[in-house]
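Undergrad: One file: start.cif (mmCIF, C-alpha atoms).
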data_work
#
loop_
_atom_site.label_atom_id
_atom_site.label_comp_id
_atom_site.auth_asym_id
_atom_site.auth_seq_id
_atom_site.Cartn_x
_atom_site.Cartn_y
_atom_site.Cartn_z
CA MET A 1 0.00 0.00 0.00
CA ASP A 2 1.53 3.33 -1.06
CA LEU A 3 1.34 6.61 0.83
CA LYS A 4 -1.79 7.89 -0.92
CA GLU A 5 -3.65 4.63 -0.30
CA LYS A 6 -2.65 4.66 3.37
CA PHE A 7 -3.72 8.26 3.71
CA LEU A 8 -7.08 7.65 2.06
CA ALA A 9 -7.79 4.62 4.28
CA ASN A 10 -6.80 6.59 7.40
CA PHE A 11 -8.94 9.55 6.42
CA LYS A 12 -12.01 7.42 5.73
CA GLU A 13 -11.71 5.80 9.16
CA ILE A 14 -11.23 9.15 10.89
CA VAL A 15 -14.23 10.73 9.17
CA ALA A 16 -16.34 7.74 10.19
CA ARG A 17 -15.24 8.15 13.81
CA THR A 18 -16.14 11.84 13.83
CA GLY A 19 -19.61 11.16 12.48
CA PHE A 20 -19.18 13.34 9.38
CA SER A 21 -19.42 10.55 6.81
CA GLY A 22 -21.72 11.65 4.00
CA LYS A 23 -21.91 15.21 5.34
CA ASN A 24 -20.40 18.50 4.28
CA PHE A 25 -17.66 19.60 6.65
CA SER A 26 -14.63 21.86 6.83
CA ILE A 27 -10.99 21.37 7.83
CA LEU A 28 -8.31 23.79 8.95
CA THR A 29 -4.88 22.20 8.52
CA ALA A 30 -1.89 23.47 10.48
CA CYS A 31 0.80 24.34 7.95
CA SER A 32 4.30 25.50 8.84
CA GLY A 33 5.64 25.18 5.29
CA GLY A 34 7.75 22.17 6.22
CA ALA A 35 7.67 18.90 4.30
CA ASP A 36 5.29 17.15 6.70
CA SER A 37 2.62 19.84 6.90
CA LEU A 38 2.78 20.54 3.16
CA ALA A 39 2.39 16.84 2.40
CA LEU A 40 -0.75 16.88 4.53
CA LEU A 41 -2.01 19.99 2.76
CA TYR A 42 -1.44 18.49 -0.70
CA LEU A 43 -3.04 15.16 0.23
CA LEU A 44 -6.12 16.80 1.75
CA ASN A 45 -6.44 19.06 -1.28
CA GLU A 46 -6.40 16.05 -3.60
CA ILE A 47 -9.33 14.35 -1.86
CA LYS A 48 -11.47 17.29 -0.75
CA LYS A 49 -13.88 17.06 -3.68
CA ASP A 50 -14.41 13.32 -3.21
CA PHE A 51 -15.27 13.78 0.47
CA GLY A 52 -17.13 17.05 0.09
CA PHE A 53 -15.17 19.13 2.58
CA THR A 54 -13.77 22.65 2.36
CA LEU A 55 -10.12 23.17 3.22
CA ALA A 56 -8.09 26.04 4.65
CA ALA A 57 -4.62 26.36 6.16
CA GLY A 58 -3.37 28.06 9.31
CA TYR A 59 0.22 29.31 9.58
CA VAL A 60 1.49 30.19 13.07
CA ASN A 61 4.16 32.90 13.29
CA HIS A 62 6.03 32.32 16.54
CA ARG A 63 7.75 35.74 16.29
CA LEU A 64 11.00 33.97 17.12
CA ARG A 65 12.94 34.07 13.85
CA ILE A 66 13.41 36.80 11.28
CA GLU A 67 12.60 34.27 8.53
CA ALA A 68 9.00 33.97 9.75
CA ALA A 69 7.63 36.73 7.52
CA ASN A 70 9.08 35.08 4.41
CA GLU A 71 7.79 31.69 5.56
CA ALA A 72 4.28 33.10 5.98
CA GLN A 73 4.44 34.46 2.43
CA PHE A 74 5.70 31.11 1.15
CA VAL A 75 2.77 29.23 2.71
CA ASP A 76 0.28 31.86 1.56
CA LYS A 77 1.59 31.61 -2.02
CA ILE A 78 1.15 27.83 -2.06
CA CYS A 79 -2.37 28.22 -0.70
CA GLN A 80 -3.17 30.79 -3.36
CA ASP A 81 -1.95 28.40 -6.06
CA LEU A 82 -4.21 25.70 -4.63
CA GLY A 83 -7.16 28.05 -4.21
CA ILE A 84 -7.13 27.61 -0.44
CA THR A 85 -7.65 30.30 2.19
CA CYS A 86 -4.66 30.80 4.48
CA PHE A 87 -5.02 32.23 7.98
CA SER A 88 -1.96 33.93 9.48
CA LEU A 89 -1.83 33.48 13.25
CA GLU A 90 0.76 35.18 15.46
CA PHE A 91 2.19 34.88 18.94
CA GLY A 92 1.93 38.00 21.07
CA THR A 93 5.02 40.21 21.09
CA ASP A 94 5.50 39.61 24.83
CA PHE A 95 5.35 35.79 24.76
CA TRP A 96 9.11 35.22 24.60
CA ASP A 97 9.76 37.89 27.24
CA SER A 98 7.75 35.99 29.86
CA ASP A 99 8.81 33.09 32.07
CA LYS A 100 11.35 30.90 30.22
CA LYS A 101 10.52 27.83 32.32
CA ASN A 102 9.40 24.91 30.14
CA ILE A 103 9.27 27.26 27.17
CA GLU A 104 8.98 24.49 24.55
CA GLU A 105 5.82 23.10 26.12
CA ARG A 106 4.37 26.56 26.66
CA ALA A 107 5.00 27.44 23.02
CA ARG A 108 3.32 24.21 21.91
CA LEU A 109 0.25 25.01 24.01
CA LYS A 110 0.16 28.58 22.72
CA ARG A 111 0.36 27.33 19.13
CA TYR A 112 -2.63 25.07 19.71
CA GLU A 113 -4.50 27.87 21.45
CA LEU A 114 -4.16 30.04 18.33
CA LEU A 115 -5.21 27.20 16.04
CA PHE A 116 -8.17 26.27 18.25
CA ASP A 117 -9.32 29.89 18.35
CA SER A 118 -9.19 30.03 14.54
CA VAL A 119 -11.12 26.77 14.26
CA LYS A 120 -13.84 28.05 16.57
CA SER A 121 -14.09 31.59 15.20
CA ASN A 122 -14.27 30.34 11.61
CA LYS A 123 -16.55 27.40 12.49
CA PHE A 124 -14.32 24.64 11.14
CA ASN A 125 -15.30 21.09 12.01
CA MET A 126 -11.76 19.71 12.19
CA LEU A 127 -8.16 20.73 12.77
CA ALA A 128 -5.69 18.52 10.90
CA THR A 129 -2.07 18.17 12.03
CA ALA A 130 0.82 16.45 10.26
CA HIS A 131 1.95 14.07 13.01
CA HIS A 132 3.38 10.95 11.39
CA LEU A 133 4.70 7.52 12.37
CA ASP A 134 8.14 8.77 13.41
CA ASP A 135 6.51 11.42 15.65
CA LEU A 136 4.49 8.69 17.34
CA VAL A 137 7.56 6.52 17.87
CA GLU A 138 9.56 9.43 19.28
CA THR A 139 6.75 10.30 21.67
CA VAL A 140 6.39 6.77 23.02
CA LEU A 141 10.16 6.28 23.42
CA MET A 142 10.55 9.64 25.18
CA ARG A 143 7.80 8.74 27.61
CA ILE A 144 9.40 5.35 28.31
CA PHE A 145 13.03 6.42 28.66
CA ASP A 146 12.63 9.94 30.06
CA ARG A 147 9.59 9.45 32.30
CA GLY A 148 9.04 5.74 32.92
CA THR A 149 5.47 6.15 31.74
CA GLY A 150 2.47 4.00 32.52
CA THR A 151 -0.12 2.55 30.16
CA LYS A 152 -1.71 5.93 29.46
CA GLY A 153 1.61 7.34 28.31
CA LEU A 154 2.18 4.37 26.03
CA SER A 155 -0.97 5.39 24.13
CA GLY A 156 1.16 7.93 22.30
CA ILE A 157 -0.69 10.15 19.83
CA LYS A 158 -4.29 9.44 18.87
CA PRO A 159 -5.49 9.67 15.26
CA VAL A 160 -8.53 11.68 16.37
CA ASN A 161 -9.56 13.66 19.46
CA SER A 162 -12.68 15.59 20.27
CA SER A 163 -12.21 19.21 21.32
CA SER A 164 -13.72 18.21 24.67
CA ASP A 165 -10.46 16.31 25.34
CA PHE A 166 -8.64 19.65 25.35
CA LEU A 167 -11.16 22.35 26.20
CA SER A 168 -13.97 22.82 28.69
CA ASN A 169 -17.46 24.02 27.79
CA THR A 170 -17.45 22.79 24.18
CA GLU A 171 -20.93 21.27 24.13
CA ASN A 172 -22.17 23.78 21.55
CA ASP A 173 -18.87 24.20 19.73
CA VAL A 174 -17.42 20.71 19.21
CA PHE A 175 -14.68 20.10 16.67
CA PHE A 176 -12.14 17.35 16.12
CA VAL A 177 -8.35 17.23 15.96
CA ILE A 178 -7.35 14.70 13.32
CA ARG A 179 -3.97 13.18 12.41
CA PRO A 180 -4.41 11.16 9.21
CA MET A 181 -0.67 10.47 8.69
CA LEU A 182 0.09 8.59 11.92
CA ASN A 183 0.97 5.33 10.15
CA ILE A 184 3.00 7.06 7.41
CA SER A 185 6.75 7.26 7.97
CA LYS A 186 9.02 10.25 7.51
CA ASN A 187 10.77 8.43 4.67
CA GLU A 188 7.47 7.98 2.84
CA ILE A 189 6.66 11.67 3.29
CA SER A 190 10.11 12.66 2.01
CA ALA A 191 9.59 10.52 -1.10
CA PHE A 192 6.16 12.08 -1.66
CA MET A 193 7.62 15.59 -1.35
CA SER A 194 10.52 14.87 -3.70
CA GLY A 195 10.67 17.60 -6.33
CA ARG A 196 8.36 19.93 -4.36
CA GLN A 197 9.48 23.03 -2.51
CA PHE A 198 9.24 23.16 1.26
CA LEU A 199 10.84 25.04 4.15
CA SER A 200 13.49 23.70 6.48
CA ASP A 201 13.91 25.12 9.99
CA ALA A 202 17.50 24.81 11.25
CA SER A 203 16.25 24.54 14.85
CA ASN A 204 14.71 21.18 13.95
CA TYR A 205 18.25 19.77 13.79
CA ASP A 206 19.46 21.21 17.10
CA THR A 207 19.82 18.17 19.37
CA LYS A 208 19.78 20.27 22.53
CA TYR A 209 16.01 19.94 22.15
CA ARG A 210 15.00 16.56 23.50
CA ARG A 211 12.73 15.51 20.62
CA ASN A 212 15.40 16.41 18.09
CA TYR A 213 17.88 14.24 19.98
CA TYR A 214 15.55 11.25 19.65
CA ARG A 215 14.85 12.12 16.01
CA HIS A 216 18.47 12.50 14.89
CA GLU A 217 20.33 10.22 17.29
CA ILE A 218 18.10 7.54 18.84
CA LEU A 219 15.96 6.54 15.86
CA PRO A 220 18.88 6.37 13.38
CA ALA A 221 20.74 4.20 15.90
CA LEU A 222 17.76 1.86 16.13
CA ASP A 223 17.52 1.77 12.34
CA LYS A 224 21.15 0.64 12.24
CA LEU A 225 20.94 -1.83 15.12
CA LEU A 226 17.59 -3.36 14.12
CA PRO A 227 17.59 -3.28 10.32
CA GLU A 228 15.29 -6.29 9.96
CA VAL A 229 12.89 -5.36 12.75
CA PRO A 230 9.81 -3.21 11.91
CA TYR A 231 10.13 -1.53 15.30
CA LYS A 232 8.25 1.61 14.29
CA GLU A 233 5.19 -0.36 13.24
CA ASN A 234 5.50 -2.50 16.38
CA ILE A 235 5.61 0.58 18.61
CA ALA A 236 2.59 1.99 16.77
CA ARG A 237 0.76 -1.27 17.48
CA LEU A 238 1.82 -1.05 21.13
CA ALA A 239 0.39 2.48 21.29
CA GLU A 240 -2.87 1.36 19.70
CA ASN A 241 -3.24 -1.51 22.19
CA ALA A 242 -2.42 0.77 25.12
CA ALA A 243 -4.92 3.38 23.92
CA ARG A 244 -7.69 0.78 23.73
CA GLU A 245 -6.97 -0.55 27.22
CA THR A 246 -6.62 2.96 28.62
CA GLU A 247 -10.03 3.96 27.29
CA ILE A 248 -11.65 0.92 28.89
CA MET A 249 -9.93 1.66 32.19
CA ARG A 250 -10.94 5.32 31.96
CA GLU A 251 -14.61 4.35 31.61
CA MET A 252 -14.37 2.01 34.60
CA MET A 253 -12.63 4.62 36.75
CA ASP A 254 -15.11 7.31 35.75
CA ASP A 255 -17.91 5.02 36.93
CA PHE A 256 -16.04 4.32 40.18
CA TRP A 257 -15.55 8.00 41.01
CA GLN A 258 -19.05 8.93 39.87
CA ASN A 259 -20.50 6.47 42.35
CA LEU A 260 -18.58 8.20 45.16
CA SER A 261 -19.60 11.71 44.20
CA ASN A 262 -21.73 13.80 46.54
CA SER A 263 -22.15 16.68 44.17
CA GLU A 264 -20.62 18.09 41.00
CA ASN A 265 -17.32 19.04 42.64
CA SER A 266 -17.20 16.85 45.74
CA ILE A 267 -16.71 13.17 46.55
CA PHE A 268 -16.34 11.19 49.76
CA ILE A 269 -14.50 7.89 50.19
CA GLN A 270 -15.68 6.02 53.24
CA ARG A 271 -12.99 4.47 55.42
CA SER A 272 -14.38 0.98 54.76
CA ILE A 273 -13.94 1.49 51.00
CA ILE A 274 -10.38 2.76 51.48
CA LYS A 275 -9.50 -0.36 53.45
CA SER A 276 -11.20 -2.69 50.97
CA LYS A 277 -8.95 -1.68 48.06
CA SER A 278 -5.25 -2.33 47.59
CA TYR A 279 -2.55 0.32 47.56
CA ASP A 280 -1.99 -0.29 43.84
CA PHE A 281 -5.71 0.13 43.15
CA TRP A 282 -5.68 3.60 44.69
CA LEU A 283 -2.57 4.59 42.74
CA THR A 284 -4.41 3.73 39.53
CA ALA A 285 -7.71 5.24 40.65
CA PHE A 286 -6.18 8.60 41.50
CA SER A 287 -4.20 8.61 38.28
CA TYR A 288 -7.50 8.52 36.42
CA LEU A 289 -9.25 10.93 38.77
CA PHE A 290 -6.85 13.66 37.69
CA SER A 291 -7.79 13.09 34.05
CA SER A 292 -11.51 12.58 34.60
CA LYS A 293 -13.81 15.16 33.03
CA ILE A 294 -16.43 14.30 35.63
CA PHE A 295 -14.63 16.31 38.30
CA VAL A 296 -12.09 18.44 36.49
CA GLU A 297 -13.04 21.02 33.88
CA SER A 298 -9.74 21.11 32.11
CA GLY A 299 -8.03 20.35 28.86
CA ASP A 300 -4.89 19.18 30.68
CA HIS A 301 -5.42 15.45 31.14
CA ARG A 302 -2.01 14.58 32.51
CA SER A 303 -1.66 12.47 35.62
CA PRO A 304 0.47 13.75 38.49
CA SER A 305 3.92 12.29 39.04
CA THR A 306 4.33 8.84 40.55
CA LYS A 307 5.68 10.45 43.72
CA THR A 308 2.58 12.65 44.03
CA LEU A 309 0.31 9.63 43.53
CA HIS A 310 2.15 7.80 46.33
CA ASP A 311 1.83 10.88 48.56
CA ILE A 312 -1.94 10.94 47.94
CA VAL A 313 -2.41 7.25 48.74
CA ASP A 314 -0.21 7.58 51.84
CA PHE A 315 -2.45 10.48 52.88
CA ILE A 316 -5.80 8.69 52.46
CA ILE A 317 -4.80 5.48 54.26
CA LYS A 318 -4.03 7.37 57.48
CA THR A 319 -6.93 7.83 59.91
CA ASP A 320 -6.06 10.95 61.89
CA PRO A 321 -7.71 14.24 60.79
CA GLY A 322 -5.76 16.23 58.25
CA ASN A 323 -5.87 18.33 55.08
CA ALA A 324 -3.84 18.35 51.87
CA ASN A 325 -3.89 20.21 48.58
CA TYR A 326 -3.05 18.32 45.40
CA LYS A 327 -4.08 20.67 42.65
CA PRO A 328 -6.78 20.82 41.46
CA PHE A 329 -8.13 18.92 44.50
CA VAL A 330 -8.39 19.67 48.21
CA PHE A 331 -8.37 16.59 50.44
CA GLU A 332 -9.91 16.51 53.92
CA ARG A 333 -9.23 13.39 55.99
CA THR A 334 -11.42 12.32 58.90
CA ARG A 335 -11.72 9.09 60.83
CA ASN A 336 -14.78 8.22 58.74
CA GLY A 337 -13.05 8.68 55.38
CA VAL A 338 -11.65 11.25 52.96
CA GLY A 339 -13.49 14.07 51.28
CA ILE A 340 -12.19 15.42 47.98
CA ARG A 341 -13.28 18.75 46.55
CA SER A 342 -12.36 20.02 43.11
CA LEU A 343 -11.10 23.58 42.83
CA GLY A 344 -12.46 23.59 39.26
CA ARG A 345 -10.36 24.08 36.20
CA LYS A 346 -6.71 23.19 36.44
CA GLY A 347 -4.06 25.69 35.57
#
Before anything else, please render the file you have as structure tokens.

TA:
Amino acid sequence: MDLKEKFLANFKEIVARTGFSGKNFSILTACSGGADSLALLYLLNEIKKDFGFTLAAGYVNHRLRIEAANEAQFVDKICQDLGITCFSLEFGTDFWDSDKKNIEERARLKRYELLFDSVKSNKFNMLATAHHLDDLVETVLMRIFDRGTGTKGLSGIKPVNSSSDFLSNTENDVFFVIRPMLNISKNEISAFMSGRQFLSDASNYDTKYRRNYYRHEILPALDKLLPEVPYKENIARLAENAARETEIMREMMDDFWQNLSNSENSIFIQRSIIKSKSYDFWLTAFSYLFSSKIFVESGDHRSPSTKTLHDIVDFIIKTDPGNANYKPFVFERTRNGVGIRSLGRKG
């Protein structure tokens, strides 16, 4: 199966999962001008008439490099040639002057904030991103080696998310984030883009950034050491299996916490229930509580660190009165059990 066939099969499955099969819909695709995002733009443009969707592109100017203005013009010119509207989105002038702590992650979140705002204000049904197989592999390996992740972390990158996975209060404004190239490798994309113009950002080769180190050092080493092993496809299958099991566990844990809820933002665990469950059960249960939309109105679905989870379980198994704050929750321990109140949205 070649790249176009893979892409078409992926896209059909994604559209079916979003419920837009046989309907008119619209897609904003994030386009930086690099090979990956342009490949996605070209592929979506080729099939838009067959699926009946309208297509536009969004370019995000990070205001970090002097080349950004020329890059924006480059993307806009390609969109004009394709007859596609291009939205130019920009970081605020003060973004890079603020706190430098975890700046890569903050920039990623800001980029998505701009794209999400454009999707909502222009009433698009989907945001498409160019994540591919190598991105998925890098993500899973980073979570294993750098964090010692659990099953949820092994899920990697999903091919489709609802906006409710990221944002609160989206009942009347639901859209989907789709990634139709997740089983397409970087080499396949490079072959597809052969002979086409695209932009290359020198910072993508700077291995002081952790992802770039995995991309340019770890994966090539694995390619050399395991030439006969389809490890990328195997890791993708691992992520798919983990995602399926995580979703089942999430549903079970949501039911568990819902049954203990007193009100929308409060739950109470009776002492008898605490004693009836194992230490490992509570570690897992609290991991999912922090990502449950039942109690937390937040787009940040990350679990706390393993140390924090142990601290929480150590707290609830004691019987003397006490209080603790594990954002976004306040814990109140009594001899009868533990009350947990949500502070609302995390952040």

Undergrad: Can you work out the spacing between CA of Ala130 (chain A) and CA of Phe91 (chain A) in Å, to one decimal?

TA: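 Here the two named atoms are 20.4 Å from each other.
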
Undergrad: Under the PyMOL selection byres ((chain A and resi 132-140) around 9), which residues of this model are included? Write them out as a PyMOL selection string.

TA: chain A and resi 36+130-131+141-145+149+153-158+179-186+189+211+214-215+218-219+231-233+235-236+239

Undergrad: Run the PyMOL selection byres ((chain A and resi 64-72) around 12) against the file shown and list the residues it catches, as JSON, numbers by chain.

TA: {"A": [31, 32, 33, 34, 57, 58, 59, 60, 61, 62, 63, 73, 74, 75, 76, 77, 78, 79, 86, 87, 88, 89, 90, 91, 92, 93, 94, 95, 96, 97, 107, 197, 198, 199, 200, 201, 202, 203]}

Undergrad: In Å, how far is it from CA of Lys208 (chain A) to CA of Leu222 (chain A)?

TA: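 Atom-to-atom, CA of Lys208 (chain A) to CA of Leu222 (chain A), that is 19.6 Å.
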
Undergrad: What's around Val338 (chain A) at 8 Å? Count all atoms listed in the file, leave out sequence neighbours fewer than 3 positions away in its own chain, and write the answer as a list in words.

TA: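 Returned residues: Phe268, Ile269, Gln270, Arg271, Ile316, Phe331, Glu332, Arg333 and Thr334 of chain A.
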
Undergrad: Could you tell me which of A:Phe290, A:Phe11, A:Phe124, A:Phe192 comes closest to Val160 (chain A) if we count only C-alpha atoms?

TA: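 Residue with the minimum atom-to-atom distance to Val160 (chain A): A:Phe11.
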
Undergrad: Work out how far CA of Leu283 (chain A) is from CA of Ile317 (chain A), in Å to one decimal.

TA: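 Going from CA of Ile317 (chain A) over to CA of Leu283 (chain A) covers 11.8 Å.
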
Undergrad: Please give the centre and size of the box around region 269-281 of chain A (axis-aligned, containing every atom listed in the file, 8 Å added per side), with values in Å to one decimal and written as JSON.

TA:
{"center_x": -8.8, "center_y": 2.6, "center_z": 49.3, "size_x": 29.7, "size_y": 26.6, "size_z": 28.3}

Undergrad: Around (-10.5, 15.3, 21.2) in the file's frame, which residues reach within 7 Å when counting all atoms listed in the file? Return as number ranges by chain?

TA: A: 160-166, 176-177

Undergrad: Restrict the selected residues to C-alpha atoms and save them as a PDB file, in the coordinates of the input.

TA:
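The resulting selection.pdb:
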ATOM      1  CA  VAL A 160      -8.530  11.680  16.370  1.00  0.00           C
ATOM      2  CA  ASN A 161      -9.560  13.660  19.460  1.00  0.00           C
ATOM      3  CA  SER A 162     -12.680  15.590  20.270  1.00  0.00           C
ATOM      4  CA  SER A 163     -12.210  19.210  21.320  1.00  0.00           C
ATOM      5  CA  SER A 164     -13.720  18.210  24.670  1.00  0.00           C
ATOM      6  CA  ASP A 165     -10.460  16.310  25.340  1.00  0.00           C
ATOM      7  CA  PHE A 166      -8.640  19.650  25.350  1.00  0.00           C
ATOM      8  CA  PHE A 176     -12.140  17.350  16.120  1.00  0.00           C
ATOM      9  CA  VAL A 177      -8.350  17.230  15.960  1.00  0.00           C
TER      10      VAL A 177
END

Undergrad: Translate the PyMOL selection byres ((chain A and resi 339-341) around 10) into a concrete residue list for this structure, as a ChimeraX atom specification.

TA: /A:260-270,295,316,323-326,328-334,336-338,342-344

Undergrad: So, counting only C-alpha atoms, which residue among A:Glu247, A:Glu188, A:Asp50, A:Asp146 is closest to Leu3 (chain A)?

TA: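 So, comparing all the options, the nearest one is A:Glu188.
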
Undergrad: With all atoms listed in the file as the basis for distance, which of A:Ala9, A:Leu167, A:Ala128, A:Val119 is at the shortest distance from Leu44 (chain A)?

TA: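 Under the stated criterion, the closest residue is A:Ala128.
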
Undergrad: Can you work out which one of A:Met249, A:Ile84, A:Val15, A:Ala35 has the shortest atom-to-atom distance to Gly52 (chain A), counting all atoms listed in the file?

TA: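 Nearest to Gly52 (chain A): A:Val15.
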
Undergrad: Could you tell me which of A:Lys123, A:Lys12, A:Arg210, A:Lys152 comes closest to Glu104 (chain A) if we count all atoms listed in the file?

TA: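 Selected residue with least distance to Glu104 (chain A): A:Arg210.
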
Undergrad: Fewer than 5 positions away in the same chain doesn't count, so skip those; otherwise give me all residues within 12 Å of Thr284 (chain A), counting all atoms listed in the file, as JSON, numbers by chain.

TA: {"A": [150, 151, 152, 246, 249, 250, 252, 253, 254, 256, 277, 278, 279, 289, 290, 291, 303, 304, 305, 306, 309, 310, 312, 313]}

Undergrad: Quick one: of A:Gly83, A:Arg106, A:Leu127, A:Ser118, who's nearest to Ala30 (chain A), counting all atoms listed in the file?

TA: A:Leu127

Undergrad: Kindly reconstruct region 119-126 of chain A with all heavy atoms and present the result as a tab-separated table (two decimals), keeping the file's coordinate frame.

TA:
chain	number	residue	atom	x	y	z
A	119	VAL	N	-10.12	27.79	14.58
A	119	VAL	CA	-11.12	26.77	14.26
A	119	VAL	C	-12.50	27.20	14.75
A	119	VAL	O	-13.50	27.13	14.02
A	119	VAL	CB	-10.73	25.41	14.89
A	119	VAL	CG1	-11.90	24.44	14.83
A	119	VAL	CG2	-9.53	24.82	14.17
A	120	LYS	N	-12.55	27.67	15.99
A	120	LYS	CA	-13.84	28.05	16.57
A	120	LYS	C	-14.41	29.30	15.93
A	120	LYS	O	-15.60	29.34	15.59
A	120	LYS	CB	-13.68	28.25	18.08
A	120	LYS	CG	-13.42	26.95	18.83
A	120	LYS	CD	-13.45	27.15	20.34
A	120	LYS	CE	-12.28	28.00	20.82
A	120	LYS	NZ	-12.29	28.14	22.28
A	121	SER	N	-13.58	30.32	15.74
A	121	SER	CA	-14.09	31.59	15.20
A	121	SER	C	-14.52	31.46	13.75
A	121	SER	O	-15.42	32.18	13.29
A	121	SER	CB	-13.04	32.69	15.34
A	121	SER	OG	-11.87	32.37	14.60
A	122	ASN	N	-13.91	30.54	13.02
A	122	ASN	CA	-14.27	30.34	11.61
A	122	ASN	C	-15.17	29.12	11.39
A	122	ASN	O	-15.45	28.76	10.25
A	122	ASN	CB	-13.00	30.21	10.77
A	122	ASN	CG	-12.20	31.49	10.72
A	122	ASN	OD1	-12.58	32.45	10.05
A	122	ASN	ND2	-11.09	31.53	11.46
A	123	LYS	N	-15.58	28.51	12.51
A	123	LYS	CA	-16.55	27.40	12.49
A	123	LYS	C	-16.09	26.22	11.64
A	123	LYS	O	-16.87	25.63	10.88
A	123	LYS	CB	-17.92	27.90	12.04
A	123	LYS	CG	-18.50	28.99	12.91
A	123	LYS	CD	-19.92	29.33	12.55
A	123	LYS	CE	-20.45	30.48	13.39
A	123	LYS	NZ	-20.35	30.23	14.86
A	124	PHE	N	-14.81	25.87	11.77
A	124	PHE	CA	-14.32	24.64	11.14
A	124	PHE	C	-14.77	23.44	11.97
A	124	PHE	O	-14.96	23.54	13.18
A	124	PHE	CB	-12.80	24.65	11.03
A	124	PHE	CG	-12.26	25.59	10.00
A	124	PHE	CD1	-11.73	26.83	10.37
A	124	PHE	CD2	-12.29	25.26	8.66
A	124	PHE	CE1	-11.24	27.70	9.43
A	124	PHE	CE2	-11.80	26.13	7.70
A	124	PHE	CZ	-11.28	27.35	8.07
A	125	ASN	N	-14.91	22.31	11.32
A	125	ASN	CA	-15.30	21.09	12.01
A	125	ASN	C	-14.09	20.28	12.49
A	125	ASN	O	-14.22	19.48	13.41
A	125	ASN	CB	-16.15	20.21	11.11
A	125	ASN	CG	-17.39	20.90	10.61
A	125	ASN	OD1	-17.54	21.14	9.41
A	125	ASN	ND2	-18.29	21.27	11.52
A	126	MET	N	-12.94	20.49	11.84
A	126	MET	CA	-11.76	19.71	12.19
A	126	MET	C	-10.50	20.55	12.06
A	126	MET	O	-10.42	21.46	11.23
A	126	MET	CB	-11.61	18.49	11.27
A	126	MET	CG	-12.79	17.54	11.27
A	126	MET	SD	-12.55	16.15	10.11
A	126	MET	CE	-14.24	15.52	10.03
